[in-house]
Amino acid sequence: MAHLRSRHRLALAVPVVLSLTASLGFLPGAASATPLSTSAVTTADGPNLSYVVNTTTDHRTIASVKKAIAAAGGSVVIAYEQIGVIVVHSANPDFGKQIRTVRGVQSAGATRTSPLKAAGTTDEGSAQVLSAAEAAEVAKSADAGQEPLEADQWDLRAIGADKAAAINPGSKKVTVAVIDVGVDDTHPDIAPNFSASQSANCVGGKPDTTYGSWRPADADHYHGTHVAGEIAAARNGVGVAGVAPGVKVSGITVAEPDSTQLFFPESVVCAFVFAADHGVEITNNSYYVDPWLYNCLDDPDQKAIVDAVNRAQLYAQKKGTLNVAAAGNSNDDLDSDALTDASSPDDSTATTRTVDPHKCFDVPTQLPGVVTVSSTGVKGAKSYFSSYGDGVIDVAAPGGDRYQIPDTPSQNGRILSTMPNNQYAYLQGTSMATPHVAGVAALLKSKYPWATPAQLQLLLKVQADNPGCPTAPYDGNGDGVVDATCVGGKHVNGFYGAGIVNALRAVK
């Protein structure tokens, strides 16, 4: 996998939410802008880029903006009229500048910095595939009633998911959509719980529901399959078990099918809207939206990305979908005043810039109402790679840590789960912590089907166990250097938010 990307998110305190909402509201200048005439079109050709054009949701305005898009040399890929987001392709180098002057357009910008091709994730390090011989050795340690490889799943025991499954494995009426690089639904641990009717390929911004379109492009696109198994691998006497082995899981592919595996905004907008319109209760988001690690609102292109994706995820929330996302693998304090972003834009030539994470947003993690997840290891301590921040992290969950060694047959501190082609592998990252939270949220939704996304988030926090800030200086990798400082108290702090989720408590 070419990109092992980090994730960040702004705290969802009320002042921040109000600030973000105000920033993304109707712009005073938009109403006074004049319609675009065909004489204003720049005729010079440039690279063929993808854009999001964000407008009001009334039909007349959208129809007028569509005409202006055509006049500016753009072609509409799809219009999500319910949220006022139009996905456009254009080779006009001045398209963004021109369309932002059109009456009714509230924000618009390019979603990438390099030309369109024929049609990133948050795992830390490469996958360690379990060989047949290693799997057989682990299986020798399985207790009665356990899945063959469950002896190596310290993460299930850490949050009581093994005991929770005996009480309530989750309802088939609850679906968690894995918005990712694709899910291999033919895997024997995933097939029993897979929902094809709630799956699609959203690459490019328009959903393709052709059967199998949600599957990974190749075996290197393994991230979504690993995540899906963590959530809902069936207890069927095969391989591993998921946190919520009785719920449904679906796959919505948003990553480019090439080796970059980039997650562009128009694809993510499509995924949130598709999930919402197809009755998905929870989405798992272990990625950030490319090409910008942080989207700064003083840049018109980046502002349009925040606006478009925020509209889509808020639409999902309003239709009853809880969105869960990873906090990142940079060991960054997300409540700091300045962070270094040396990876953006990641679809062309990156430059180093300093950003304030309170003003420049990682999407979708920093968006209002999204549950942000930090990672822990087998000892219950923050993973050495996990980002953190007081008032930023909502909850924590096992995501693995190679420095925290479990007493398991393989003594592997990473997370064991499913891989394409009927394989299994260990991975670590906030990508692995997030599906544990999504799984517990699915158990809560199974028990409380009436719960709204906001109520589910509160329930996640209420049932969590908070170890509190460490009493000794935090040295995640044991090299004698203090790596992070935890701020906060026993009930809420920067390392664990409200605490480490607890599956057993969720079902009791």
# chains A, B, ... in the order shown; residues from 1 in each chain; ligands from 1
>>> select_by_dssp(residues="stretch 300-475 of chain A", states="strand (DSSP E or B)", output="NGL selection string")
:A and (322-326 or 333 or 339-344 or 351-355 or 360-361 or 371-376 or 382 or 388 or 395-398 or 415-419 or 423-427 or 465 or 474)
>>> residues_around(residues="A:Tyr80", least_positions_apart="2", cutoff="12 Å", atoms="only C-alpha atoms", output="ChimeraX atom specification")
/A:52-59,62,76-78,82-88,205-207,266,269-274,277,308-309,311-312,315
>>> atom_distance(atom1="atom CA of A:Ala397", atom2="atom CA of A:Ala503")
10.5 Å
>>> closest_residue(among="A:Val105, A:Leu116, A:Val129, A:Val481", to="A:Tyr426", atoms="only C-alpha atoms")
A:Val129
>>> atom_distance(atom1="atom CA of A:Ala338", atom2="atom CA of A:Asp394")
20.9 Å
